[in-house]
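Data file: query.cif. Format and content: mmCIF, C-alpha atoms and all ligand atoms.
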```cif
data_query
loop_
_atom_site.label_atom_id
_atom_site.label_comp_id
_atom_site.auth_asym_id
_atom_site.auth_seq_id
_atom_site.Cartn_x
_atom_site.Cartn_y
_atom_site.Cartn_z
CA MET A 4 14.12 11.82 -25.71
CA ALA A 5 11.93 14.80 -26.58
CA ARG A 6 8.35 13.93 -27.55
CA VAL A 7 8.59 14.74 -31.29
CA GLU A 8 12.37 14.58 -31.69
CA GLY A 9 13.52 14.56 -35.33
CA LYS A 10 10.06 15.20 -36.78
CA VAL A 11 9.19 18.00 -39.20
CA ALA A 12 5.94 19.95 -38.84
CA LEU A 13 4.03 22.46 -40.96
CA ILE A 14 1.56 24.61 -39.04
CA THR A 15 -0.93 26.76 -40.90
CA GLY A 16 -1.98 29.93 -39.13
CA GLY A 17 1.00 29.51 -36.81
CA ALA A 18 1.72 33.19 -36.17
CA SER A 19 -0.91 33.62 -33.46
CA GLY A 20 -3.10 31.91 -30.87
CA ILE A 21 -3.57 28.15 -31.10
CA GLY A 22 -1.18 27.71 -34.05
CA LEU A 23 1.57 29.69 -32.33
CA SER A 24 1.28 27.79 -29.07
CA SER A 25 1.35 24.49 -30.96
CA ALA A 26 4.39 25.58 -32.96
CA GLN A 27 6.22 26.57 -29.79
CA LEU A 28 5.43 23.31 -28.01
CA LEU A 29 6.33 21.16 -31.02
CA ALA A 30 9.66 23.00 -31.38
CA LYS A 31 10.36 22.71 -27.66
CA GLU A 32 9.80 18.95 -27.94
CA GLY A 33 12.29 18.52 -30.77
CA ALA A 34 10.39 19.10 -34.02
CA LYS A 35 11.62 21.34 -36.81
CA VAL A 36 8.73 23.67 -37.46
CA VAL A 37 7.50 25.63 -40.48
CA ILE A 38 5.06 28.39 -39.67
CA GLY A 39 2.82 29.26 -42.62
CA ASP A 40 0.71 32.35 -42.16
CA PHE A 41 -1.00 35.19 -43.93
CA ASN A 42 0.80 37.41 -41.44
CA LEU A 43 4.41 36.84 -42.53
CA GLU A 44 5.81 39.37 -40.07
CA GLY A 45 4.05 37.57 -37.22
CA ALA A 46 5.37 34.23 -38.48
CA LYS A 47 8.92 35.62 -38.56
CA GLU A 48 8.52 36.92 -34.99
CA ALA A 49 7.38 33.46 -33.92
CA VAL A 50 10.44 31.91 -35.59
CA LYS A 51 12.74 34.33 -33.75
CA ALA A 52 11.17 33.44 -30.40
CA ILE A 53 11.47 29.69 -31.12
CA GLU A 54 15.12 30.09 -32.16
CA LYS A 55 15.84 32.10 -29.04
CA ASP A 56 14.59 29.12 -27.02
CA GLY A 57 16.94 26.81 -28.93
CA GLY A 58 14.38 25.45 -31.42
CA VAL A 59 14.52 25.18 -35.21
CA ALA A 60 11.87 26.98 -37.27
CA SER A 61 11.17 28.77 -40.56
CA ALA A 62 8.43 31.08 -41.76
CA ILE A 63 6.58 31.18 -45.07
CA PHE A 64 3.77 33.35 -46.39
CA LEU A 65 0.65 31.23 -46.70
CA ASP A 66 -2.81 32.14 -47.92
CA ALA A 67 -4.99 29.20 -46.97
CA SER A 68 -7.67 30.31 -49.44
CA VAL A 69 -5.30 29.74 -52.38
CA GLU A 70 -4.50 26.20 -53.55
CA GLU A 71 -1.07 27.10 -55.00
CA SER A 72 -0.04 28.82 -51.77
CA ILE A 73 -0.84 25.71 -49.70
CA LYS A 74 1.10 23.55 -52.17
CA GLU A 75 4.08 25.91 -51.92
CA ALA A 76 4.06 25.74 -48.10
CA VAL A 77 4.11 21.94 -48.14
CA GLU A 78 6.91 21.90 -50.75
CA PHE A 79 8.86 24.54 -48.82
CA THR A 80 8.68 22.33 -45.73
CA VAL A 81 9.99 19.29 -47.60
CA ASN A 82 12.68 21.28 -49.43
CA THR A 83 13.86 22.97 -46.23
CA TYR A 84 13.88 20.03 -43.82
CA GLY A 85 13.75 16.98 -46.12
CA LYS A 86 10.29 15.67 -45.18
CA ILE A 87 6.94 16.43 -43.56
CA ASP A 88 5.88 14.21 -40.63
CA ILE A 89 3.26 16.48 -39.06
CA LEU A 90 0.72 18.71 -40.78
CA PHE A 91 -1.38 20.93 -38.54
CA ASN A 92 -4.24 22.34 -40.67
CA ASN A 93 -5.19 25.08 -38.26
CA VAL A 94 -6.36 28.14 -40.24
CA GLY A 95 -10.02 28.92 -39.71
CA LEU A 96 -12.15 32.03 -39.81
CA THR A 97 -15.55 33.37 -38.96
CA ASN A 98 -17.21 36.74 -39.50
CA LEU A 99 -19.73 37.87 -36.93
CA LYS A 100 -21.14 40.53 -39.26
CA LYS A 101 -21.73 38.38 -42.35
CA ASP A 102 -21.86 34.76 -41.17
CA LEU A 103 -25.38 35.04 -39.77
CA ASP A 104 -28.46 32.79 -39.61
CA VAL A 105 -29.60 30.76 -42.63
CA VAL A 106 -32.04 33.36 -43.98
CA ASN A 107 -29.80 36.38 -43.56
CA MET A 108 -26.29 35.17 -44.14
CA ASP A 109 -24.15 36.53 -46.94
CA LEU A 110 -23.66 33.76 -49.52
CA ASP A 111 -20.29 35.04 -50.68
CA GLU A 112 -19.17 34.76 -47.08
CA TRP A 113 -20.52 31.19 -46.98
CA ASP A 114 -18.29 30.34 -49.98
CA ARG A 115 -15.28 32.12 -48.50
CA LEU A 116 -15.54 30.36 -45.14
CA MET A 117 -16.10 26.94 -46.71
CA ASN A 118 -13.03 27.55 -48.84
CA VAL A 119 -10.76 28.68 -46.01
CA ASN A 120 -12.06 26.47 -43.18
CA MET A 121 -12.78 23.23 -45.02
CA LYS A 122 -11.13 23.13 -48.43
CA SER A 123 -7.76 24.23 -47.01
CA VAL A 124 -7.81 21.09 -44.83
CA LEU A 125 -8.48 18.95 -47.89
CA LEU A 126 -5.74 20.68 -49.88
CA GLY A 127 -3.07 20.68 -47.17
CA SER A 128 -3.68 16.97 -46.68
CA ARG A 129 -3.77 16.26 -50.41
CA PHE A 130 -0.34 17.85 -50.92
CA ALA A 131 1.31 16.41 -47.79
CA ILE A 132 0.02 12.81 -48.04
CA PRO A 133 2.21 11.70 -51.00
CA TYR A 134 5.33 12.81 -49.08
CA MET A 135 4.11 11.04 -45.95
CA GLN A 136 3.37 7.87 -47.93
CA LYS A 137 6.88 7.91 -49.37
CA ALA A 138 8.39 8.41 -45.90
CA GLY A 139 6.30 5.62 -44.34
CA GLY A 140 3.79 7.63 -42.32
CA GLY A 141 2.77 10.87 -40.70
CA SER A 142 0.27 12.66 -38.50
CA ILE A 143 -2.30 15.14 -39.78
CA ILE A 144 -4.13 17.24 -37.22
CA ASN A 145 -7.03 19.52 -38.07
CA THR A 146 -8.56 22.31 -36.04
CA ALA A 147 -12.31 21.77 -35.84
CA SER A 148 -14.46 23.59 -33.28
CA MET A 149 -17.23 22.88 -30.79
CA ALA A 150 -19.29 24.98 -33.21
CA GLY A 151 -19.15 21.88 -35.40
CA PHE A 152 -21.14 20.00 -32.75
CA ALA A 153 -23.38 22.59 -31.05
CA SER A 154 -25.48 24.94 -33.15
CA ASP A 155 -25.72 28.65 -32.57
CA ALA A 156 -27.95 31.61 -33.49
CA ILE A 157 -25.41 32.85 -36.05
CA ARG A 158 -22.08 31.60 -37.54
CA THR A 159 -23.91 29.06 -39.71
CA ALA A 160 -21.09 28.70 -42.24
CA TYR A 161 -18.46 28.46 -39.53
CA GLY A 162 -20.33 25.67 -37.71
CA ALA A 163 -21.13 23.75 -40.88
CA SER A 164 -17.54 24.04 -42.14
CA LYS A 165 -16.14 22.82 -38.82
CA ALA A 166 -18.57 19.87 -38.75
CA ALA A 167 -17.24 19.03 -42.22
CA VAL A 168 -13.68 19.19 -40.86
CA VAL A 169 -14.64 16.57 -38.25
CA HIS A 170 -15.90 14.19 -40.93
CA LEU A 171 -13.12 14.94 -43.39
CA THR A 172 -10.74 13.95 -40.58
CA SER A 173 -12.24 10.49 -40.40
CA TYR A 174 -12.22 10.14 -44.21
CA ILE A 175 -8.51 10.92 -44.35
CA ALA A 176 -7.87 8.52 -41.47
CA THR A 177 -9.84 5.78 -43.24
CA GLN A 178 -8.22 6.26 -46.64
CA TYR A 179 -4.56 6.50 -45.57
CA GLY A 180 -4.36 4.51 -42.33
CA LYS A 181 -2.71 1.57 -44.07
CA ASP A 182 0.07 3.98 -45.09
CA ARG A 183 0.58 4.67 -41.37
CA ILE A 184 -0.82 8.16 -41.80
CA ARG A 185 -2.98 9.12 -38.86
CA CYS A 186 -5.48 11.96 -39.00
CA ASN A 187 -7.18 13.46 -35.97
CA ALA A 188 -8.83 16.75 -35.09
CA VAL A 189 -9.04 18.93 -32.04
CA ALA A 190 -12.31 20.75 -31.32
CA PRO A 191 -11.71 23.76 -29.10
CA GLY A 192 -14.38 25.43 -27.04
CA LEU A 193 -13.67 29.06 -26.14
CA ILE A 194 -9.91 29.56 -26.07
CA LEU A 195 -8.64 32.93 -24.93
CA THR A 196 -6.34 33.64 -27.86
CA PRO A 197 -5.37 37.29 -28.33
CA ALA A 198 -8.01 37.51 -31.10
CA ALA A 199 -10.74 35.99 -28.90
CA GLU A 200 -9.82 38.25 -25.97
CA GLN A 201 -10.04 41.25 -28.26
CA ASN A 202 -13.30 40.26 -29.97
CA LEU A 203 -15.24 38.94 -27.00
CA PRO A 204 -16.15 41.39 -24.26
CA LYS A 205 -15.55 40.24 -20.68
CA GLU A 206 -19.32 39.67 -20.24
CA VAL A 207 -19.30 37.13 -23.07
CA GLN A 208 -16.21 35.39 -21.66
CA ASP A 209 -18.04 35.19 -18.33
CA ILE A 210 -21.08 33.57 -19.97
CA PHE A 211 -18.81 30.81 -21.25
CA LEU A 212 -17.22 30.49 -17.84
CA LYS A 213 -20.62 30.16 -16.14
CA TYR A 214 -21.46 27.07 -18.22
CA ASN A 215 -18.02 25.41 -18.08
CA ALA A 216 -17.68 22.38 -15.79
CA LEU A 217 -14.20 23.72 -14.93
CA PRO A 218 -13.86 27.12 -13.23
CA TYR A 219 -11.71 28.69 -15.96
CA ASN A 220 -11.66 29.37 -19.69
CA GLY A 221 -9.25 27.76 -22.15
CA GLU A 222 -5.81 29.01 -23.14
CA PRO A 223 -3.90 28.38 -26.39
CA GLU A 224 -1.58 25.84 -24.77
CA ASP A 225 -4.57 23.68 -23.78
CA ILE A 226 -4.93 23.03 -27.50
CA GLY A 227 -1.16 23.12 -28.08
CA TYR A 228 -0.58 20.19 -25.71
CA THR A 229 -3.37 18.20 -27.39
CA VAL A 230 -1.78 18.85 -30.78
CA LEU A 231 1.62 17.82 -29.40
CA PHE A 232 0.13 14.54 -28.15
CA LEU A 233 -1.58 13.85 -31.48
CA ALA A 234 1.61 14.71 -33.38
CA SER A 235 3.77 12.42 -31.26
CA ASP A 236 4.02 8.63 -31.37
CA GLU A 237 2.35 8.59 -27.93
CA SER A 238 -0.94 8.64 -29.85
CA LYS A 239 0.10 6.01 -32.42
CA TYR A 240 -3.11 3.95 -32.05
CA ILE A 241 -5.44 6.97 -32.28
CA THR A 242 -6.81 7.94 -35.67
CA GLY A 243 -10.00 9.42 -37.12
CA GLN A 244 -10.89 11.00 -33.78
CA THR A 245 -11.84 14.51 -32.79
CA ILE A 246 -10.74 15.42 -29.28
CA LYS A 247 -12.99 18.00 -27.63
CA VAL A 248 -11.02 20.45 -25.51
CA GLU A 249 -13.71 22.64 -24.02
CA GLY A 250 -13.59 22.71 -20.23
CA GLY A 251 -16.66 20.49 -19.97
CA HIS A 252 -18.79 23.30 -21.38
CA TYR A 253 -20.94 20.97 -23.46
CA ILE A 254 -21.11 17.86 -21.26
CA GLY A 255 -23.98 18.72 -18.92
CA ASN A 256 -27.70 18.71 -19.45
CA PRO A 257 -28.45 22.23 -20.78
CA SER A 258 -31.36 22.57 -18.34
CA ILE A 259 -29.18 21.86 -15.29
CA GLY A 260 -29.42 25.49 -14.04
CA ASP A 261 -33.22 25.46 -14.07
CA PHE A 262 -33.22 21.99 -12.53
CA ASN A 263 -30.98 23.16 -9.66
CA ASP A 264 -33.29 26.13 -9.05
CA PHE A 265 -36.26 23.76 -8.99
CA MET A 266 -34.53 21.47 -6.47
CA LYS A 267 -33.60 24.40 -4.22
CA LYS A 268 -37.21 25.60 -4.23
CA ALA A 269 -38.51 22.07 -3.61
CA GLN A 270 -36.13 21.66 -0.61
CA ALA A 271 -36.94 25.07 0.90
N1 LIG B 301 -10.00 30.75 -30.19
C1 LIG B 301 -11.10 30.03 -30.06
O1 LIG B 301 -11.90 30.21 -29.13
C2 LIG B 301 -11.40 28.94 -31.05
C3 LIG B 301 -12.45 28.06 -30.79
C4 LIG B 301 -12.73 27.05 -31.69
C5 LIG B 301 -11.97 26.89 -32.82
N2 LIG B 301 -10.95 27.77 -33.08
C6 LIG B 301 -10.19 27.56 -34.30
O2 LIG B 301 -8.81 27.59 -34.01
C7 LIG B 301 -8.08 27.99 -35.16
C8 LIG B 301 -7.10 29.09 -34.79
O3 LIG B 301 -7.80 30.14 -34.19
P1 LIG B 301 -7.14 31.18 -33.18
O4 LIG B 301 -8.18 31.52 -32.19
O5 LIG B 301 -5.82 30.70 -32.74
O6 LIG B 301 -7.03 32.44 -34.16
P2 LIG B 301 -5.94 33.61 -34.29
O7 LIG B 301 -6.65 34.71 -34.98
O8 LIG B 301 -5.27 33.88 -32.98
O9 LIG B 301 -4.87 32.96 -35.28
C9 LIG B 301 -5.19 32.63 -36.59
C10 LIG B 301 -3.95 32.76 -37.45
O10 LIG B 301 -4.32 32.39 -38.78
C11 LIG B 301 -3.82 33.36 -39.70
N3 LIG B 301 -4.68 33.36 -40.87
C12 LIG B 301 -5.93 33.85 -41.00
N4 LIG B 301 -6.39 33.67 -42.24
C13 LIG B 301 -5.41 33.06 -42.93
C14 LIG B 301 -5.30 32.59 -44.25
N5 LIG B 301 -6.28 32.72 -45.16
N6 LIG B 301 -4.15 32.00 -44.63
C15 LIG B 301 -3.14 31.84 -43.74
N7 LIG B 301 -3.18 32.27 -42.47
C16 LIG B 301 -4.32 32.85 -42.06
C17 LIG B 301 -3.82 34.67 -38.95
O11 LIG B 301 -2.91 35.59 -39.52
C18 LIG B 301 -3.43 34.20 -37.53
O12 LIG B 301 -2.02 34.21 -37.36
C19 LIG B 301 -9.13 28.40 -36.20
O13 LIG B 301 -9.36 27.32 -37.08
C20 LIG B 301 -10.37 28.64 -35.35
O14 LIG B 301 -11.56 28.46 -36.08
C21 LIG B 301 -10.64 28.78 -32.22
#
```

Write out the structure in this file as structure tokens.
Amino acid sequence: MARVEGKVALITGGASGIGLSSAQLLAKEGAKVVIGDFNLEGAKEAVKAIEKDGGVASAIFLDASVEESIKEAVEFTVNTYGKIDILFNNVGLTNLKKDLDVVNMDLDEWDRLMNVNMKSVLLGSRFAIPYMQKAGGGSIINTASMAGFASDAIRTAYGASKAAVVHLTSYIATQYGKDRIRCNAVAPGLILTPAAEQNLPKEVQDIFLKYNALPYNGEPEDIGYTVLFLASDESKYITGQTIKVEGGHYIGNPSIGDFNDFMKKAQA
């Protein structure tokens, strides 16, 4: 049997990158998939590609910054396919020009990013949970980020909002576990989505690569397969967790490079 056979999933931000890969993998493994995205044309393209591969999918316009729009996407999912077993709260944004350090960051941008990155997770969950309770369970998966664990020179709002997503994940898991609703997050490191490839020059991608334990950068399906696992019953005893998918970028002692140089000199 396919890994999520018979389940119904809503994926926010499913027209591109991590959301798209997750939608494709969930559909391939038997789920009926609703792709909610700001980019409706992109969502429709994704549906066509899934259908071409024999999957079942629908698209809906979704603005994750608007409460009513999130509610509509959840209701559309239930009205179209009869239930919602899997909610992937994946939309998240940053802004390298306005989301700066604490002193210089634009406060309107702070509010916007908190709203889109954090509150949309709360709202998606809030609207889906009553349906999941009625159906006897479900799996909520949130996209956090390694920026929620490791601080940076800029992107203060992004990092703080993603740290909040990590903790919100465990709150949801704690509050609804007895209803058999699991909630987990995935925290990507650098993932070469089309947007990341476009925004990050090769030199920056190479800096990430240099500090990865593995000799390559991440691809959307590295997150997609993690989402598939968390969505499936294979992970039925896992809840409240955030799985870091980051190529071992953050596991080593940050001074390891200097330490290696020191050892080489000492041995010479
Ligand atoms: N790519 C990475 O390196 C990386 C690393 C860590 C975390 N993340 C997180 O992964 C998630 C997906 O990122 P991605 O790299 O796949 O991005 P992406 O730009 O490839 O895809 C994001 C999708 O979300 C849609 N979207 C944007 N704003 C929206 C809104 N307000 N309402 C509805 N849809 C909206 C876009 O149209 C797009 O289809 C985000 O939460 C991001 O913070 C990405």

Got a sec to check which residues lie within 9 Å of ligand LIG 301 (chain B), using all atoms listed in the file, and send them as an NGL selection string? :A and (15-24 or 39-43 or 45-46 or 64-69 or 72-73 or 92-97 or 119-120 or 123 or 145-150 or 161 or 165 or 189-200 or 221-223 or 226 or 249)

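In this comparison, which uses all atoms listed in the file, the residue of A:Lys10, A:Lys100, A:Lys247, A:Lys47 approaching Val81 of chain A most closely is A:Lys10.
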
Measuring between all atoms listed in the file, which one of A:Ala167, A:Leu99, A:Ala188, A:Val59 shows the shortest distance to Leu231 of chain A? A:Ala188

Please measure the separation of atom CA of Ser154 of chain A and atom CA of Trp113 of chain A, giving the value in Å to one decimal. 16.0 Å

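Counting all atoms listed in the file, the residue from A:Phe232, A:Phe265, A:Tyr214, A:Phe130 that sits nearest to Gly251 of chain A is A:Tyr214.
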
Distance atom CA of Lys137 of chain A-atom CA of Val230 of chain A, one decimal place?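 Here the two named atoms are 23.2 Å from each other.
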
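Using all atoms listed in the file for every distance, the candidate list A:Leu13, A:Leu125, A:Met266, A:Ala60 yields A:Leu13 as the residue closest to Glu78 of chain A.
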
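Distance check against Ser238 of chain A using all atoms listed in the file: of A:Ile143, A:Asp102, A:Ala163, A:Ala30, the minimum falls on A:Ile143.
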
Could you tell me, as a PyMOL selection string, which residues have any atom at most 8 Å from (10.2, 21.2, -39.6), counting only C-alpha atoms? chain A and resi 10-13+34-37+59-61+80+83-84+86-87

Kindly give the distance, in Å, that separates atom CA of Asp225 of chain A and atom CA of Ala26 of chain A, rounded to a single decimal.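 Atom CA of Ala26 of chain A lies at a distance of 13.0 Å from atom CA of Asp225 of chain A.
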
Name the closest residue to Ala166 of chain A among the candidates A:Phe91, A:Tyr253, A:Tyr179, A:Phe152; distances are taken between atoms, counting all atoms listed in the file.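 So, comparing all the options, the nearest one is A:Phe152.
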
Centre, edges in Å (one decimal): axis-aligned box, segment 68-80 of chain A, 8 Å padding on all six sides, as JSON:
```
{"center_x": 0.6, "center_y": 26.1, "center_z": -50.4, "size_x": 32.5, "size_y": 24.4, "size_z": 25.3}
```
